[in-house]
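*Asks:* Please read through the structure below; I'll follow up with questions.
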Amino acid sequence: MEQKRIVVGVAGGIAAFKACTVVRQLKEAGHSVRVVPTESALKFIGAATFEALSGQPVHTGVFENVDEVPHVRIGQQADLVVVAPATADLMARAAAGRADDLLTGTLLTARCPVLFAPAMHTEMWLHPATTDNVATLRRRGNVVLEPASGRLTGADTGPGRLPEAEEITTLAGLLLERGDALPYDMAGVKVLVTAGGTREPLDPVRFIGNRSSGKQGYAVARVMAQRGADVTLIAGNTSGLADPAGVEVVHIGSAAQLGAAVTKLAPEAQVLVMAAAVADFRPAQVATAKIKKRVDDDSAPSVELVRNDDVLAGAVRARADGQLPNMKVIVGFAAETGDANGDVLFHARSKLKRKGCDMLVVNAVGEGKAFEVDHNDGWMLSADGTETALEHGSKTLMASRIVDAIGALVHR
């Protein structure tokens, strides 16, 4: 991505220390970053720290470098503004249109996407005043992240924790890639997402698995949550990915466990996104002890495989039978390669027809493609015959395009 001009606003809260990592990650991505803190923020983190990380001067008021009119220029020139942490007070001042320091003045003059990452105690986050302020900011086109849940200041715990820096910078990158704001259009929609690879045990030590990292499914869950959906994520092997903020995560291991979790949770969902790489087969027998390699025998044991249930096709059948009364959209994923019988799209069209889902997201796999990478491309095939190419970009960008299509189906 070409270098962009990013303003990182920092409000006065204990989570201000995480802004240092946000600045560093944005700089490492090649962007020009200017930090605009509030006076309160500098009581937590000194100006010298932000200047050293950003390479740019740090001011809080409107009377420094007056000849440059910074309270206007900084916002006008920005490609993106990220406020992390965004306290209840800062968002209240932004919603009211205040311009009593350099940060709020910058927010008033910015015509680029603005991303607020809230951090506050649970009671403040849930207070009607904050709820109204967040709704106002979103209505104006700003992106206000759902906070994470967890340990807060002191012994308190609950929603209101600042999302981790990587989550903030990932969504900041998405706004730069999209070139527009992220719509808040999935509020109230219950979404079930599966992600990661399943592992089919062979013995207490070994398993049959696949190369899926879970990054694409996690990206879909993250984008869904930040667009307002009530998201539950069923996660298989995901290489230690951090749980997305605002998402309930259920961890599973095998295909059978994934199928059981989908069966349990799907009746409440309106959207099912099957991004998990589910094993088609499992060992017929699971050894109770490690299968030993005999030093006096060069032969290898044979492993008999049996077919796992098709979780996606099962969900489609369950909807047709009336067992999923709330389900509006079912999305499948397919990692495909071409062969002597046809190319990737040939096999994908056949799979869409066979599975019977509303939409199939298709990736061509191979060395450096689809699995274990941060960028992707592919196609979206719809049951009505529509085929849409997904441009090459981050998996978060791909997730946002998928959610765009799902939203159109949900709200039609």
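All residue names refer to the structure tokens as shown: chains lettered A, B, ... in order, residues numbered from 1 in each chain, ligands numbered from 1 in order.
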Need to verify the contact set: Val58 of chain A, 7 Å, only C-alpha atoms, exclusion of same-chain residues closer than 6 positions in sequence. Can you return it as a JSON list (two decimals) with all heavy atoms, in the first residue's frame?
*Replies:*
[["chain", "number", "residue", "atom", "x", "y", "z"],
["A", 35, "VAL", "N", 0.95, 12.05, 15.84],
["A", 35, "VAL", "CA", 0.19, 11.81, 17.06],
["A", 35, "VAL", "C", -0.35, 13.13, 17.59],
["A", 35, "VAL", "O", 0.39, 14.11, 17.74],
["A", 35, "VAL", "CB", 1.07, 11.14, 18.14],
["A", 35, "VAL", "CG1", 0.24, 10.87, 19.40],
["A", 35, "VAL", "CG2", 1.65, 9.83, 17.61],
["A", 36, "VAL", "N", -1.65, 13.16, 17.86],
["A", 36, "VAL", "CA", -2.30, 14.33, 18.44],
["A", 36, "VAL", "C", -2.98, 13.88, 19.74],
["A", 36, "VAL", "O", -4.10, 13.34, 19.71],
["A", 36, "VAL", "CB", -3.33, 14.95, 17.47],
["A", 36, "VAL", "CG1", -3.97, 16.18, 18.12],
["A", 36, "VAL", "CG2", -2.68, 15.33, 16.16],
["A", 47, "ALA", "N", 5.08, 13.27, 25.78],
["A", 47, "ALA", "CA", 5.18, 13.68, 24.39],
["A", 47, "ALA", "C", 6.42, 13.13, 23.72],
["A", 47, "ALA", "O", 6.40, 12.79, 22.53],
["A", 47, "ALA", "CB", 5.17, 15.21, 24.30],
["A", 51, "GLU", "N", 6.76, 11.40, 20.02],
["A", 51, "GLU", "CA", 7.62, 12.03, 19.02],
["A", 51, "GLU", "C", 8.68, 11.06, 18.51],
["A", 51, "GLU", "O", 8.98, 11.00, 17.31],
["A", 51, "GLU", "CB", 8.28, 13.28, 19.61],
["A", 51, "GLU", "CG", 7.30, 14.43, 19.81],
["A", 51, "GLU", "CD", 7.95, 15.65, 20.45],
["A", 51, "GLU", "OE1", 9.05, 15.51, 21.02],
["A", 51, "GLU", "OE2", 7.35, 16.74, 20.39]]
*Asks:* Segment 208-296 of chain A: which residues are alpha helix (DSSP H) by DSSP, as an MDAnalysis selection string?
*Replies:* chainID A and resid 215:226 255:265
*Asks:* Kindly save the residues from that selection, with all heavy atoms included, as a short mmCIF file (atom, residue, chain, number, x, y, z; two decimals), in the first residue's frame.
*Replies:*
data_model
loop_
_atom_site.label_atom_id
_atom_site.label_comp_id
_atom_site.auth_asym_id
_atom_site.auth_seq_id
_atom_site.Cartn_x
_atom_site.Cartn_y
_atom_site.Cartn_z
N LYS A 215 -7.29 -17.44 9.37
CA LYS A 215 -7.25 -15.98 9.23
C LYS A 215 -8.45 -15.42 8.48
O LYS A 215 -8.98 -14.36 8.83
CB LYS A 215 -5.95 -15.56 8.53
CG LYS A 215 -4.70 -15.78 9.37
CD LYS A 215 -3.45 -15.37 8.62
CE LYS A 215 -2.20 -15.58 9.46
NZ LYS A 215 -0.96 -15.20 8.73
N GLN A 216 -8.90 -16.13 7.42
CA GLN A 216 -10.02 -15.61 6.65
C GLN A 216 -11.31 -15.64 7.45
O GLN A 216 -12.08 -14.67 7.45
CB GLN A 216 -10.19 -16.38 5.35
CG GLN A 216 -11.21 -15.77 4.40
CD GLN A 216 -10.79 -14.40 3.91
OE1 GLN A 216 -9.92 -14.27 3.05
NE2 GLN A 216 -11.40 -13.35 4.44
N GLY A 217 -11.57 -16.73 8.15
CA GLY A 217 -12.77 -16.81 8.97
C GLY A 217 -12.77 -15.80 10.10
O GLY A 217 -13.80 -15.18 10.41
N TYR A 218 -11.60 -15.62 10.73
CA TYR A 218 -11.49 -14.61 11.78
C TYR A 218 -11.74 -13.22 11.22
O TYR A 218 -12.37 -12.38 11.88
CB TYR A 218 -10.10 -14.68 12.43
CG TYR A 218 -10.04 -15.58 13.65
CD1 TYR A 218 -10.46 -16.90 13.59
CD2 TYR A 218 -9.59 -15.10 14.86
CE1 TYR A 218 -10.41 -17.73 14.70
CE2 TYR A 218 -9.53 -15.91 15.99
CZ TYR A 218 -9.95 -17.23 15.91
OH TYR A 218 -9.90 -18.04 17.01
N ALA A 219 -11.25 -12.95 10.02
CA ALA A 219 -11.47 -11.65 9.40
C ALA A 219 -12.96 -11.41 9.16
O ALA A 219 -13.47 -10.30 9.38
CB ALA A 219 -10.69 -11.55 8.09
N VAL A 220 -13.68 -12.45 8.70
CA VAL A 220 -15.12 -12.30 8.49
C VAL A 220 -15.82 -12.01 9.81
O VAL A 220 -16.67 -11.12 9.90
CB VAL A 220 -15.71 -13.57 7.83
CG1 VAL A 220 -17.23 -13.51 7.81
CG2 VAL A 220 -15.17 -13.74 6.41
N ALA A 221 -15.47 -12.76 10.86
CA ALA A 221 -16.08 -12.54 12.17
C ALA A 221 -15.79 -11.13 12.69
O ALA A 221 -16.67 -10.44 13.22
CB ALA A 221 -15.57 -13.58 13.17
N ARG A 222 -14.54 -10.68 12.51
CA ARG A 222 -14.14 -9.34 12.99
C ARG A 222 -14.93 -8.26 12.25
O ARG A 222 -15.46 -7.33 12.88
CB ARG A 222 -12.65 -9.16 12.76
CG ARG A 222 -12.12 -7.77 13.13
CD ARG A 222 -10.61 -7.70 13.00
NE ARG A 222 -9.97 -8.51 14.02
CZ ARG A 222 -9.29 -9.63 13.79
NH1 ARG A 222 -9.13 -10.07 12.54
NH2 ARG A 222 -8.74 -10.30 14.78
N VAL A 223 -15.02 -8.36 10.93
CA VAL A 223 -15.74 -7.34 10.16
C VAL A 223 -17.23 -7.38 10.48
O VAL A 223 -17.87 -6.32 10.63
CB VAL A 223 -15.49 -7.54 8.65
CG1 VAL A 223 -16.39 -6.63 7.82
CG2 VAL A 223 -14.01 -7.27 8.32
N MET A 224 -17.80 -8.55 10.60
CA MET A 224 -19.21 -8.67 10.96
C MET A 224 -19.50 -7.97 12.28
O MET A 224 -20.47 -7.21 12.41
CB MET A 224 -19.60 -10.15 11.06
CG MET A 224 -19.92 -10.82 9.76
SD MET A 224 -21.53 -10.29 9.12
CE MET A 224 -21.79 -11.50 7.83
N ALA A 225 -18.66 -8.23 13.28
CA ALA A 225 -18.88 -7.62 14.60
C ALA A 225 -18.77 -6.11 14.54
O ALA A 225 -19.58 -5.39 15.16
CB ALA A 225 -17.87 -8.19 15.60
N GLN A 226 -17.80 -5.59 13.78
CA GLN A 226 -17.62 -4.15 13.71
C GLN A 226 -18.68 -3.48 12.83
O GLN A 226 -18.78 -2.25 12.84
CB GLN A 226 -16.21 -3.82 13.23
CG GLN A 226 -15.10 -4.33 14.14
CD GLN A 226 -15.26 -3.88 15.59
OE1 GLN A 226 -15.96 -2.91 15.88
NE2 GLN A 226 -14.63 -4.58 16.51
N ALA A 255 -13.84 -32.45 13.20
CA ALA A 255 -15.00 -32.16 12.36
C ALA A 255 -16.30 -32.52 13.06
O ALA A 255 -17.31 -31.81 12.93
CB ALA A 255 -14.88 -32.93 11.04
N ALA A 256 -16.29 -33.60 13.82
CA ALA A 256 -17.49 -33.99 14.55
C ALA A 256 -17.86 -32.94 15.59
O ALA A 256 -19.04 -32.61 15.77
CB ALA A 256 -17.28 -35.35 15.21
N GLN A 257 -16.86 -32.40 16.27
CA GLN A 257 -17.12 -31.36 17.26
C GLN A 257 -17.63 -30.09 16.58
O GLN A 257 -18.53 -29.42 17.10
CB GLN A 257 -15.85 -31.07 18.05
CG GLN A 257 -15.43 -32.20 18.98
CD GLN A 257 -14.05 -31.98 19.58
OE1 GLN A 257 -13.28 -31.12 19.13
NE2 GLN A 257 -13.73 -32.76 20.60
N LEU A 258 -17.08 -29.76 15.42
CA LEU A 258 -17.56 -28.60 14.69
C LEU A 258 -19.01 -28.79 14.27
O LEU A 258 -19.85 -27.90 14.41
CB LEU A 258 -16.68 -28.33 13.47
CG LEU A 258 -17.02 -27.05 12.67
CD1 LEU A 258 -15.75 -26.37 12.18
CD2 LEU A 258 -17.93 -27.36 11.49
N GLY A 259 -19.32 -29.98 13.75
CA GLY A 259 -20.70 -30.27 13.35
C GLY A 259 -21.66 -30.17 14.50
O GLY A 259 -22.77 -29.62 14.35
N ALA A 260 -21.26 -30.67 15.67
CA ALA A 260 -22.13 -30.60 16.85
C ALA A 260 -22.35 -29.15 17.28
O ALA A 260 -23.47 -28.76 17.66
CB ALA A 260 -21.51 -31.39 18.00
N ALA A 261 -21.30 -28.32 17.19
CA ALA A 261 -21.43 -26.92 17.58
C ALA A 261 -22.34 -26.17 16.60
O ALA A 261 -23.16 -25.34 17.02
CB ALA A 261 -20.05 -26.27 17.63
N VAL A 262 -22.22 -26.44 15.31
CA VAL A 262 -23.10 -25.80 14.32
C VAL A 262 -24.54 -26.22 14.55
O VAL A 262 -25.46 -25.39 14.53
CB VAL A 262 -22.64 -26.13 12.89
CG1 VAL A 262 -23.69 -25.68 11.87
CG2 VAL A 262 -21.29 -25.48 12.59
N THR A 263 -24.76 -27.50 14.79
CA THR A 263 -26.12 -27.99 15.04
C THR A 263 -26.74 -27.30 16.25
O THR A 263 -27.93 -26.95 16.24
CB THR A 263 -26.09 -29.51 15.27
OG1 THR A 263 -25.60 -30.16 14.09
CG2 THR A 263 -27.47 -30.04 15.60
N LYS A 264 -25.94 -27.07 17.27
CA LYS A 264 -26.43 -26.44 18.49
C LYS A 264 -26.72 -24.95 18.30
O LYS A 264 -27.73 -24.43 18.79
CB LYS A 264 -25.41 -26.63 19.61
CG LYS A 264 -25.79 -25.95 20.93
CD LYS A 264 -24.71 -26.15 21.99
CE LYS A 264 -25.06 -25.42 23.27
NZ LYS A 264 -23.99 -25.60 24.31
N LEU A 265 -25.85 -24.25 17.58
CA LEU A 265 -25.92 -22.79 17.53
C LEU A 265 -26.66 -22.23 16.31
O LEU A 265 -27.17 -21.11 16.35
CB LEU A 265 -24.50 -22.21 17.55
CG LEU A 265 -23.69 -22.51 18.83
CD1 LEU A 265 -22.23 -22.10 18.64
CD2 LEU A 265 -24.29 -21.78 20.03
#
*Asks:* Hey, what's within 12 Å of Ile74 of chain A if we count only C-alpha atoms and toss same-chain stuff fewer than 5 positions away? As a VMD selection string, please?
*Replies:* chain A and resid 5 to 9 33 to 36 58 to 59 62 65 68 to 69 79 to 81 102 to 112
*Asks:* Out of A:Pro201, A:Ala86, A:Asp156, A:Arg138, which residue has the shortest atom-to-atom distance to Asp185 of chain A when counting only C-alpha atoms?
*Replies:*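 Among the listed residues, A:Arg138 lies closest to Asp185 of chain A.
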*Asks:* List the spatial neighbours of Glu167 of chain A as a ChimeraX atom specification - criterion: any atom at most 9 Å away, only C-alpha atoms, same-chain residues fewer than 4 positions off excluded.
*Replies:* /A:163,171-172,222,242,244-245
*Asks:* Might you pull out every residue within 9 Å of segment 193-200 of chain A, with only C-alpha atoms counted and same-chain residues fewer than 3 positions away left off, and present them as a PyMOL selection string?
*Replies:* chain A and resi 206-218+220-221+231-239+252-258+262+271-279+281-283
*Asks:* A:Asp180, A:Ile291, A:Met186, A:Gly141: which is nearest Pro204 of chain A, counting only C-alpha atoms?
*Replies:* A:Ile291
*Asks:* Which residues are near segment 20-30 of chain A? Cut-off 9 Å, only C-alpha atoms, ignore same chain within fewer than 2 positions. Put them as a VMD selection string.
*Replies:* chain A and resid 1 to 4 6 8 16 to 18 32 to 35 45 49 to 50 53 to 54 84 164 to 166 168 to 169 172 to 173
*Asks:* Restricting the calculation to only C-alpha atoms: of A:Gly342, A:Pro113, A:Gly188, A:Gly55, which residue gets closest to His411 of chain A?
*Replies:*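 Closest candidate: A:Gly188.
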*Asks:* Between A:Ala315, A:Val10, A:Ala287, A:Leu182, which residue has the minimum interatomic distance to Arg401 of chain A, considering only C-alpha atoms?
*Replies:*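 Distance minimum relative to Arg401 of chain A lands on A:Leu182.
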*Asks:* One number please: atom CA of Arg227 of chain A to atom CA of Val247 of chain A, in Å, one decimal.
*Replies:*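 Here the two named atoms are 11.8 Å from each other.
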*Asks:* Would you please work out which residue, of A:Met398, A:Ala119, A:Val82, A:Met380, is nearest to Gly160 of chain A when using only C-alpha atoms?
*Replies:*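 With only C-alpha atoms as the atom set, the closest residue is A:Ala119.
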*Asks:* Ranking A:Val143, A:Val373, A:Leu202, A:Gly356 by minimum distance to Glu304 of chain A and counting only C-alpha atoms, which one comes first?
*Replies:*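 Of the candidates, the smallest distance to Glu304 of chain A is held by A:Leu202.
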*Asks:* I'd like the neighbourhood of Ala135 of chain A as a PyMOL selection string, where a residue qualifies if any of its atoms comes within 9 Å (using only C-alpha atoms), though same-chain residues fewer than 5 positions away should be ignored.
*Replies:* chain A and resi 130+140+144
*Asks:* Any chance you could list, as a PyMOL selection string, the residues in segment 69-154 of chain A that come up strand (DSSP E or B) when DSSP is run on the backbone?
*Replies:* chain A and resi 80-86+114-118+143-144+148-151
*Asks:* Mind running segment 176-259 of chain A against segment 317-326 of chain A at 12 Å and telling me each contacting residue's nearest atom pair with the distance in Å (one decimal), counting only C-alpha atoms, chain and number ascending, as a Markdown table?
*Replies:*
| residue | atom | partner | partner_atom | distance |
| --- | --- | --- | --- | --- |
| A:Val189 | CA | A:Asn326 | CA | 10.2 |
| A:Lys190 | CA | A:Asn326 | CA | 9.2 |
| A:Val191 | CA | A:Asn326 | CA | 10.7 |
| A:Leu192 | CA | A:Asn326 | CA | 12.0 |
